[in-house]
$ cat query.txt   # compact mmCIF, N, CA and C atoms
# COMPACT_ATOMS: atom_id res chain seq x y z
N MET A 1 22.93 -23.92 9.06
CA MET A 1 22.06 -23.38 8.01
C MET A 1 22.81 -23.51 6.69
N ASN A 2 22.21 -24.22 5.75
CA ASN A 2 22.87 -24.38 4.45
C ASN A 2 22.57 -23.18 3.55
N ILE A 3 23.14 -23.20 2.37
CA ILE A 3 23.04 -22.05 1.45
C ILE A 3 21.60 -21.82 1.00
N GLU A 4 20.82 -22.89 0.80
CA GLU A 4 19.44 -22.73 0.37
C GLU A 4 18.60 -22.09 1.48
N GLN A 5 18.83 -22.49 2.71
CA GLN A 5 18.10 -21.89 3.83
C GLN A 5 18.47 -20.41 3.99
N THR A 6 19.72 -20.09 3.77
CA THR A 6 20.16 -18.70 3.83
C THR A 6 19.48 -17.88 2.74
N TYR A 7 19.38 -18.45 1.55
CA TYR A 7 18.70 -17.78 0.43
C TYR A 7 17.23 -17.54 0.77
N VAL A 8 16.55 -18.56 1.28
CA VAL A 8 15.14 -18.43 1.63
C VAL A 8 14.97 -17.42 2.76
N PHE A 9 15.87 -17.43 3.73
CA PHE A 9 15.84 -16.46 4.82
C PHE A 9 15.94 -15.04 4.27
N GLY A 10 16.86 -14.81 3.36
CA GLY A 10 17.02 -13.49 2.75
C GLY A 10 15.80 -13.06 1.96
N ILE A 11 15.21 -13.99 1.22
CA ILE A 11 14.01 -13.67 0.45
C ILE A 11 12.86 -13.29 1.39
N MET A 12 12.74 -13.98 2.50
CA MET A 12 11.67 -13.65 3.44
C MET A 12 11.91 -12.31 4.14
N ILE A 13 13.16 -11.94 4.34
CA ILE A 13 13.46 -10.60 4.87
C ILE A 13 12.98 -9.56 3.86
N ILE A 14 13.27 -9.78 2.59
CA ILE A 14 12.82 -8.87 1.53
C ILE A 14 11.30 -8.84 1.47
N CYS A 15 10.67 -9.99 1.62
CA CYS A 15 9.21 -10.08 1.61
C CYS A 15 8.62 -9.25 2.75
N GLY A 16 9.18 -9.36 3.95
CA GLY A 16 8.73 -8.55 5.08
C GLY A 16 8.92 -7.06 4.83
N PHE A 17 10.02 -6.71 4.20
CA PHE A 17 10.31 -5.33 3.84
C PHE A 17 9.26 -4.81 2.87
N LEU A 18 8.94 -5.59 1.85
CA LEU A 18 7.94 -5.18 0.85
C LEU A 18 6.55 -5.05 1.47
N VAL A 19 6.20 -5.98 2.34
CA VAL A 19 4.90 -5.88 3.01
C VAL A 19 4.85 -4.63 3.88
N GLY A 20 5.97 -4.25 4.48
CA GLY A 20 6.02 -3.00 5.24
C GLY A 20 5.74 -1.79 4.37
N ILE A 21 6.30 -1.78 3.17
CA ILE A 21 6.05 -0.67 2.24
C ILE A 21 4.58 -0.61 1.87
N VAL A 22 4.00 -1.75 1.54
CA VAL A 22 2.58 -1.79 1.16
C VAL A 22 1.70 -1.39 2.35
N TYR A 23 2.09 -1.81 3.54
CA TYR A 23 1.33 -1.44 4.74
C TYR A 23 1.36 0.08 4.94
N ASP A 24 2.51 0.70 4.72
CA ASP A 24 2.58 2.16 4.84
C ASP A 24 1.73 2.85 3.77
N LEU A 25 1.72 2.32 2.57
CA LEU A 25 0.82 2.86 1.53
C LEU A 25 -0.62 2.80 2.01
N TYR A 26 -0.98 1.68 2.57
CA TYR A 26 -2.34 1.49 3.08
C TYR A 26 -2.62 2.45 4.24
N ARG A 27 -1.67 2.63 5.14
CA ARG A 27 -1.85 3.56 6.26
C ARG A 27 -2.06 4.98 5.78
N VAL A 28 -1.26 5.41 4.82
CA VAL A 28 -1.41 6.77 4.29
C VAL A 28 -2.76 6.92 3.61
N PHE A 29 -3.19 5.91 2.86
CA PHE A 29 -4.51 5.94 2.22
C PHE A 29 -5.60 6.10 3.28
N ARG A 30 -5.49 5.36 4.38
CA ARG A 30 -6.50 5.46 5.44
C ARG A 30 -6.49 6.83 6.09
N TRP A 31 -5.31 7.41 6.29
CA TRP A 31 -5.23 8.74 6.90
C TRP A 31 -5.83 9.80 6.00
N LYS A 32 -5.56 9.71 4.71
CA LYS A 32 -6.00 10.74 3.78
C LYS A 32 -7.47 10.59 3.40
N CYS A 33 -7.94 9.37 3.22
CA CYS A 33 -9.31 9.15 2.73
C CYS A 33 -10.33 9.01 3.85
N ARG A 34 -9.91 8.62 5.02
CA ARG A 34 -10.78 8.47 6.19
C ARG A 34 -12.06 7.69 5.88
N PRO A 35 -11.92 6.42 5.49
CA PRO A 35 -13.12 5.62 5.22
C PRO A 35 -13.86 5.27 6.52
N SER A 36 -15.09 4.78 6.38
CA SER A 36 -15.87 4.40 7.56
C SER A 36 -15.26 3.17 8.22
N LYS A 37 -15.71 2.89 9.44
CA LYS A 37 -15.16 1.76 10.19
C LYS A 37 -15.43 0.43 9.49
N VAL A 38 -16.57 0.32 8.85
CA VAL A 38 -16.89 -0.91 8.12
C VAL A 38 -15.91 -1.09 6.95
N ILE A 39 -15.67 -0.03 6.21
CA ILE A 39 -14.74 -0.08 5.09
C ILE A 39 -13.33 -0.38 5.59
N ILE A 40 -12.94 0.23 6.71
CA ILE A 40 -11.61 -0.04 7.28
C ILE A 40 -11.49 -1.52 7.63
N GLY A 41 -12.52 -2.08 8.25
CA GLY A 41 -12.50 -3.51 8.58
C GLY A 41 -12.35 -4.38 7.35
N LEU A 42 -13.09 -4.05 6.31
CA LEU A 42 -13.00 -4.82 5.06
C LEU A 42 -11.62 -4.65 4.41
N LEU A 43 -11.10 -3.43 4.42
CA LEU A 43 -9.78 -3.19 3.84
C LEU A 43 -8.69 -3.88 4.64
N ASP A 44 -8.82 -3.90 5.98
CA ASP A 44 -7.85 -4.62 6.81
C ASP A 44 -7.86 -6.11 6.47
N LEU A 45 -9.05 -6.67 6.37
CA LEU A 45 -9.18 -8.08 6.02
C LEU A 45 -8.57 -8.35 4.65
N LEU A 46 -8.87 -7.48 3.69
CA LEU A 46 -8.32 -7.63 2.34
C LEU A 46 -6.80 -7.51 2.35
N PHE A 47 -6.27 -6.55 3.11
CA PHE A 47 -4.82 -6.38 3.19
C PHE A 47 -4.16 -7.65 3.70
N TRP A 48 -4.65 -8.18 4.81
CA TRP A 48 -4.02 -9.37 5.40
C TRP A 48 -4.21 -10.60 4.53
N LEU A 49 -5.34 -10.70 3.86
CA LEU A 49 -5.55 -11.82 2.94
C LEU A 49 -4.57 -11.75 1.77
N VAL A 50 -4.43 -10.58 1.17
CA VAL A 50 -3.49 -10.41 0.06
C VAL A 50 -2.05 -10.63 0.54
N THR A 51 -1.73 -10.14 1.72
CA THR A 51 -0.39 -10.33 2.28
C THR A 51 -0.10 -11.81 2.49
N ALA A 52 -1.05 -12.53 3.06
CA ALA A 52 -0.85 -13.96 3.30
C ALA A 52 -0.69 -14.71 1.97
N LEU A 53 -1.51 -14.37 0.98
CA LEU A 53 -1.40 -15.03 -0.33
C LEU A 53 -0.07 -14.70 -0.99
N PHE A 54 0.37 -13.46 -0.89
CA PHE A 54 1.66 -13.06 -1.45
C PHE A 54 2.80 -13.84 -0.81
N CYS A 55 2.79 -13.88 0.52
CA CYS A 55 3.87 -14.60 1.23
C CYS A 55 3.84 -16.09 0.91
N PHE A 56 2.64 -16.67 0.84
CA PHE A 56 2.56 -18.09 0.49
C PHE A 56 3.07 -18.32 -0.93
N TYR A 57 2.72 -17.42 -1.84
CA TYR A 57 3.20 -17.55 -3.22
C TYR A 57 4.73 -17.50 -3.26
N VAL A 58 5.30 -16.54 -2.53
CA VAL A 58 6.76 -16.43 -2.49
C VAL A 58 7.37 -17.70 -1.90
N LEU A 59 6.80 -18.16 -0.80
CA LEU A 59 7.30 -19.40 -0.19
C LEU A 59 7.17 -20.58 -1.14
N PHE A 60 6.07 -20.64 -1.85
CA PHE A 60 5.86 -21.74 -2.79
C PHE A 60 6.90 -21.71 -3.90
N LYS A 61 7.21 -20.52 -4.37
CA LYS A 61 8.18 -20.40 -5.46
C LYS A 61 9.61 -20.68 -5.01
N ILE A 62 9.97 -20.31 -3.79
CA ILE A 62 11.38 -20.44 -3.40
C ILE A 62 11.70 -21.71 -2.64
N ASN A 63 10.71 -22.30 -1.93
CA ASN A 63 11.04 -23.54 -1.21
C ASN A 63 9.85 -24.50 -1.09
N TYR A 64 9.00 -24.49 -2.08
CA TYR A 64 7.87 -25.43 -2.16
C TYR A 64 6.93 -25.31 -0.96
N ALA A 65 6.80 -24.12 -0.44
CA ALA A 65 5.87 -23.77 0.64
C ALA A 65 6.15 -24.52 1.94
N GLU A 66 7.38 -24.87 2.17
CA GLU A 66 7.75 -25.46 3.46
C GLU A 66 7.84 -24.33 4.48
N ILE A 67 6.96 -24.39 5.45
CA ILE A 67 6.89 -23.32 6.44
C ILE A 67 7.73 -23.72 7.65
N ARG A 68 8.66 -22.87 7.99
CA ARG A 68 9.56 -23.09 9.12
C ARG A 68 9.53 -21.84 10.02
N PHE A 69 9.86 -22.04 11.28
CA PHE A 69 9.85 -20.92 12.23
C PHE A 69 10.79 -19.80 11.78
N TYR A 70 11.95 -20.14 11.28
CA TYR A 70 12.92 -19.11 10.91
C TYR A 70 12.41 -18.24 9.77
N LEU A 71 11.44 -18.73 8.99
CA LEU A 71 10.86 -17.92 7.93
C LEU A 71 9.98 -16.81 8.52
N PHE A 72 9.21 -17.15 9.55
CA PHE A 72 8.43 -16.12 10.24
C PHE A 72 9.36 -15.09 10.89
N LEU A 73 10.44 -15.59 11.46
CA LEU A 73 11.44 -14.71 12.07
C LEU A 73 12.03 -13.77 11.01
N ALA A 74 12.38 -14.31 9.85
CA ALA A 74 12.96 -13.49 8.78
C ALA A 74 11.96 -12.44 8.29
N PHE A 75 10.71 -12.86 8.13
CA PHE A 75 9.66 -11.93 7.71
C PHE A 75 9.54 -10.78 8.71
N GLY A 76 9.50 -11.13 10.00
CA GLY A 76 9.41 -10.11 11.05
C GLY A 76 10.63 -9.21 11.08
N VAL A 77 11.81 -9.78 10.87
CA VAL A 77 13.04 -8.97 10.84
C VAL A 77 12.98 -7.97 9.69
N GLY A 78 12.54 -8.43 8.52
CA GLY A 78 12.43 -7.53 7.37
C GLY A 78 11.46 -6.40 7.62
N TRP A 79 10.30 -6.74 8.19
CA TRP A 79 9.29 -5.72 8.45
C TRP A 79 9.79 -4.75 9.52
N MET A 80 10.38 -5.26 10.58
CA MET A 80 10.89 -4.38 11.64
C MET A 80 12.02 -3.48 11.14
N CYS A 81 12.90 -4.02 10.33
CA CYS A 81 13.98 -3.18 9.76
C CYS A 81 13.38 -2.05 8.94
N TYR A 82 12.37 -2.36 8.15
CA TYR A 82 11.71 -1.33 7.36
C TYR A 82 11.08 -0.29 8.28
N LEU A 83 10.30 -0.76 9.27
CA LEU A 83 9.59 0.17 10.15
C LEU A 83 10.55 1.06 10.94
N LEU A 84 11.63 0.50 11.42
CA LEU A 84 12.55 1.26 12.26
C LEU A 84 13.48 2.17 11.47
N VAL A 85 13.80 1.79 10.23
CA VAL A 85 14.83 2.53 9.50
C VAL A 85 14.24 3.54 8.51
N ILE A 86 13.33 3.13 7.65
CA ILE A 86 12.91 4.06 6.59
C ILE A 86 11.42 4.29 6.48
N SER A 87 10.62 3.73 7.36
CA SER A 87 9.17 3.89 7.27
C SER A 87 8.76 5.36 7.28
N ARG A 88 9.34 6.15 8.19
CA ARG A 88 8.92 7.56 8.29
C ARG A 88 9.21 8.33 7.00
N TYR A 89 10.27 7.97 6.29
CA TYR A 89 10.58 8.64 5.03
C TYR A 89 9.59 8.24 3.94
N PHE A 90 9.25 6.96 3.90
CA PHE A 90 8.29 6.50 2.92
C PHE A 90 6.91 7.10 3.19
N ILE A 91 6.53 7.19 4.45
CA ILE A 91 5.23 7.79 4.78
C ILE A 91 5.19 9.24 4.31
N ALA A 92 6.25 9.98 4.56
CA ALA A 92 6.31 11.38 4.09
C ALA A 92 6.23 11.43 2.57
N LEU A 93 6.95 10.54 1.89
CA LEU A 93 6.93 10.50 0.43
C LEU A 93 5.54 10.14 -0.09
N PHE A 94 4.92 9.10 0.48
CA PHE A 94 3.59 8.68 0.04
C PHE A 94 2.56 9.77 0.30
N THR A 95 2.70 10.48 1.42
CA THR A 95 1.77 11.57 1.73
C THR A 95 1.88 12.68 0.70
N LYS A 96 3.10 13.07 0.36
CA LYS A 96 3.30 14.10 -0.66
C LYS A 96 2.75 13.65 -2.01
N ILE A 97 3.01 12.40 -2.37
CA ILE A 97 2.51 11.87 -3.65
C ILE A 97 0.99 11.92 -3.67
N MET A 98 0.34 11.51 -2.57
CA MET A 98 -1.13 11.55 -2.54
C MET A 98 -1.65 12.98 -2.62
N GLU A 99 -0.96 13.92 -2.00
CA GLU A 99 -1.38 15.32 -2.08
C GLU A 99 -1.26 15.84 -3.51
N VAL A 100 -0.17 15.52 -4.18
CA VAL A 100 0.02 15.94 -5.57
C VAL A 100 -1.04 15.30 -6.47
N VAL A 101 -1.30 14.02 -6.27
CA VAL A 101 -2.32 13.33 -7.06
C VAL A 101 -3.69 13.96 -6.82
N ALA A 102 -4.00 14.32 -5.58
CA ALA A 102 -5.28 14.96 -5.27
C ALA A 102 -5.38 16.32 -5.96
N ILE A 103 -4.32 17.10 -5.94
CA ILE A 103 -4.33 18.41 -6.59
C ILE A 103 -4.52 18.25 -8.10
N ILE A 104 -3.79 17.33 -8.70
CA ILE A 104 -3.92 17.09 -10.14
C ILE A 104 -5.32 16.59 -10.47
N SER A 105 -5.86 15.70 -9.65
CA SER A 105 -7.21 15.17 -9.89
C SER A 105 -8.25 16.27 -9.82
N ARG A 106 -8.14 17.12 -8.79
CA ARG A 106 -9.09 18.24 -8.69
C ARG A 106 -8.99 19.16 -9.90
N GLY A 107 -7.76 19.43 -10.34
CA GLY A 107 -7.57 20.28 -11.51
C GLY A 107 -8.18 19.66 -12.77
N LEU A 108 -7.98 18.37 -12.95
CA LEU A 108 -8.55 17.69 -14.12
C LEU A 108 -10.07 17.66 -14.06
N ILE A 109 -10.62 17.41 -12.88
CA ILE A 109 -12.08 17.40 -12.74
C ILE A 109 -12.64 18.79 -13.04
N ASN A 110 -12.00 19.83 -12.50
CA ASN A 110 -12.45 21.19 -12.79
C ASN A 110 -12.34 21.51 -14.28
N LEU A 111 -11.28 21.04 -14.91
CA LEU A 111 -11.11 21.26 -16.34
C LEU A 111 -12.19 20.54 -17.14
N LEU A 112 -12.52 19.32 -16.74
CA LEU A 112 -13.57 18.57 -17.43
C LEU A 112 -14.95 19.17 -17.19
N LEU A 113 -15.16 19.78 -16.03
CA LEU A 113 -16.45 20.38 -15.73
C LEU A 113 -16.60 21.80 -16.27
N LEU A 114 -15.53 22.36 -16.77
CA LEU A 114 -15.56 23.74 -17.28
C LEU A 114 -16.62 23.94 -18.37
N PRO A 115 -16.70 23.07 -19.38
CA PRO A 115 -17.76 23.28 -20.38
C PRO A 115 -19.16 23.22 -19.77
N TYR A 116 -19.38 22.29 -18.84
CA TYR A 116 -20.68 22.20 -18.19
C TYR A 116 -21.00 23.48 -17.42
N LYS A 117 -20.04 23.97 -16.67
CA LYS A 117 -20.24 25.20 -15.89
C LYS A 117 -20.52 26.38 -16.82
N PHE A 118 -19.81 26.42 -17.95
CA PHE A 118 -20.02 27.51 -18.91
C PHE A 118 -21.44 27.45 -19.47
N VAL A 119 -21.87 26.28 -19.91
CA VAL A 119 -23.22 26.13 -20.47
C VAL A 119 -24.26 26.40 -19.40
N HIS A 120 -24.05 25.89 -18.21
CA HIS A 120 -25.00 26.08 -17.13
C HIS A 120 -25.12 27.56 -16.75
N SER A 121 -24.01 28.29 -16.72
CA SER A 121 -24.07 29.71 -16.38
C SER A 121 -24.77 30.49 -17.49
N ARG A 122 -24.57 30.12 -18.75
CA ARG A 122 -25.25 30.79 -19.87
C ARG A 122 -26.75 30.48 -19.84
N HIS A 123 -27.08 29.26 -19.46
CA HIS A 123 -28.48 28.85 -19.40
C HIS A 123 -29.21 29.61 -18.29
N LYS A 124 -28.55 29.87 -17.18
CA LYS A 124 -29.15 30.61 -16.07
C LYS A 124 -29.45 32.05 -16.49
N ASN A 125 -28.60 32.62 -17.34
CA ASN A 125 -28.78 34.01 -17.77
C ASN A 125 -29.99 34.16 -18.68
N PHE A 126 -30.41 33.09 -19.35
CA PHE A 126 -31.56 33.17 -20.26
C PHE A 126 -32.88 33.18 -19.51
N LYS A 127 -32.91 32.74 -18.30
CA LYS A 127 -34.18 32.67 -17.55
C LYS A 127 -34.58 33.99 -16.99
$ encode --input "query.txt" --output "structure tokens"
Amino acid sequence: MNIEQTYVFGIMIICGFLVGIVYDLYRVFRWKCRPSKVIIGLLDLLFWLVTALFCFYVLFKINYAEIRFYLFLAFGVGWMCYLLVISRYFIALFTKIMEVVAIISRGLINLLLLPYKFVHSRHKNFK
């Protein structure tokens, strides 16, 4: 294995690692939002399409899109390393972030609806 192949191998490990992170983001989104089965199917298709395009783009940039078996192996190694080593920590972090975002969103929506609720409650008292 020459130095360029080693470089490409390393980049594909990083690519697999990054796809693992995005996959965990997607998993947490699915757990928290609970979309319908049709939406899940569409989102799965979209995820894999975007993942394939991302990996092809990376391959195109680093080695002119020459696809070799060891690149799939490197991608899998990167993803497996992510899943086995730090996935559970990222899932916990993403879950907390989504909970905080949901709390802030609810607070902002309630704040924005406050004038409407005030006017609506005053209007009810006039009837």
$ atom_distance --input "query.txt" --atom1 "atom N of Thr95 (chain A)" --atom2 "atom C of Val28 (chain A)"
6.9 Å
$ atom_distance --input "query.txt" --atom1 "CA of Lys117 (chain A)" --atom2 "CA of Val101 (chain A)"
23.2 Å
$ atom_distance --input "query.txt" --atom1 "CA of Tyr82 (chain A)" --atom2 "CA of Leu42 (chain A)"
25.1 Å
$ residues_near_point --input "query.txt" --point "(15.3, -22.8, -1.5)" --cutoff "5 Å" --atoms "all atoms listed in the file" --output "ChimeraX atom specification"
/A:4,62-63
$ write_last_selection --input "query.txt" --atoms "N, CA and C atoms" --output "CSV table (one decimal), in the coordinates of the input"
chain,number,residue,atom,x,y,z
A,4,GLU,N,20.8,-22.9,0.8
A,4,GLU,CA,19.4,-22.7,0.4
A,4,GLU,C,18.6,-22.1,1.5
A,62,ILE,N,10.0,-20.3,-3.8
A,62,ILE,CA,11.4,-20.4,-3.4
A,62,ILE,C,11.7,-21.7,-2.6
A,63,ASN,N,10.7,-22.3,-1.9
A,63,ASN,CA,11.0,-23.5,-1.2
A,63,ASN,C,9.8,-24.5,-1.1
$ closest_atom_pairs --input "query.txt" --of "region 56-84 of chain A" --to "region 11-20 of chain A" --cutoff "9 Å" --atoms "only C-alpha atoms" --output "Markdown table"
| residue | atom | partner | partner_atom | distance |
| --- | --- | --- | --- | --- |
| A:Val58 | CA | A:Cys15 | CA | 7.9 |
| A:Leu59 | CA | A:Met12 | CA | 8.1 |
| A:Ile62 | CA | A:Ile11 | CA | 8.2 |
| A:Leu71 | CA | A:Met12 | CA | 6.2 |
| A:Phe72 | CA | A:Met12 | CA | 7.9 |
| A:Leu73 | CA | A:Ile13 | CA | 8.5 |
| A:Ala74 | CA | A:Ile13 | CA | 4.9 |
| A:Phe75 | CA | A:Gly16 | CA | 4.4 |
| A:Gly76 | CA | A:Gly16 | CA | 6.2 |
| A:Val77 | CA | A:Ile13 | CA | 6.2 |
| A:Gly78 | CA | A:Ile13 | CA | 4.1 |
| A:Trp79 | CA | A:Gly16 | CA | 4.4 |
| A:Met80 | CA | A:Phe17 | CA | 7.9 |
| A:Cys81 | CA | A:Phe17 | CA | 7.3 |
| A:Tyr82 | CA | A:Phe17 | CA | 5.5 |
| A:Leu83 | CA | A:Gly20 | CA | 6.8 |
$ axis_aligned_box --input "query.txt" --around "region 99-111 of chain A" --padding-each-side "3 Å" --output "lines of an AutoDock Vina configuration file"
center_x = -6.3
center_y = 17.4
center_z = -9.6
size_x = 18.7
size_y = 14.2
size_z = 21.1
$ residues_around --input "query.txt" --residues "Trp31 (chain A)" --least-positions-apart "3" --cutoff "12 Å" --atoms "only C-alpha atoms" --output "ChimeraX atom specification"
/A:24-28,34-36,40,91,94-95,98-99
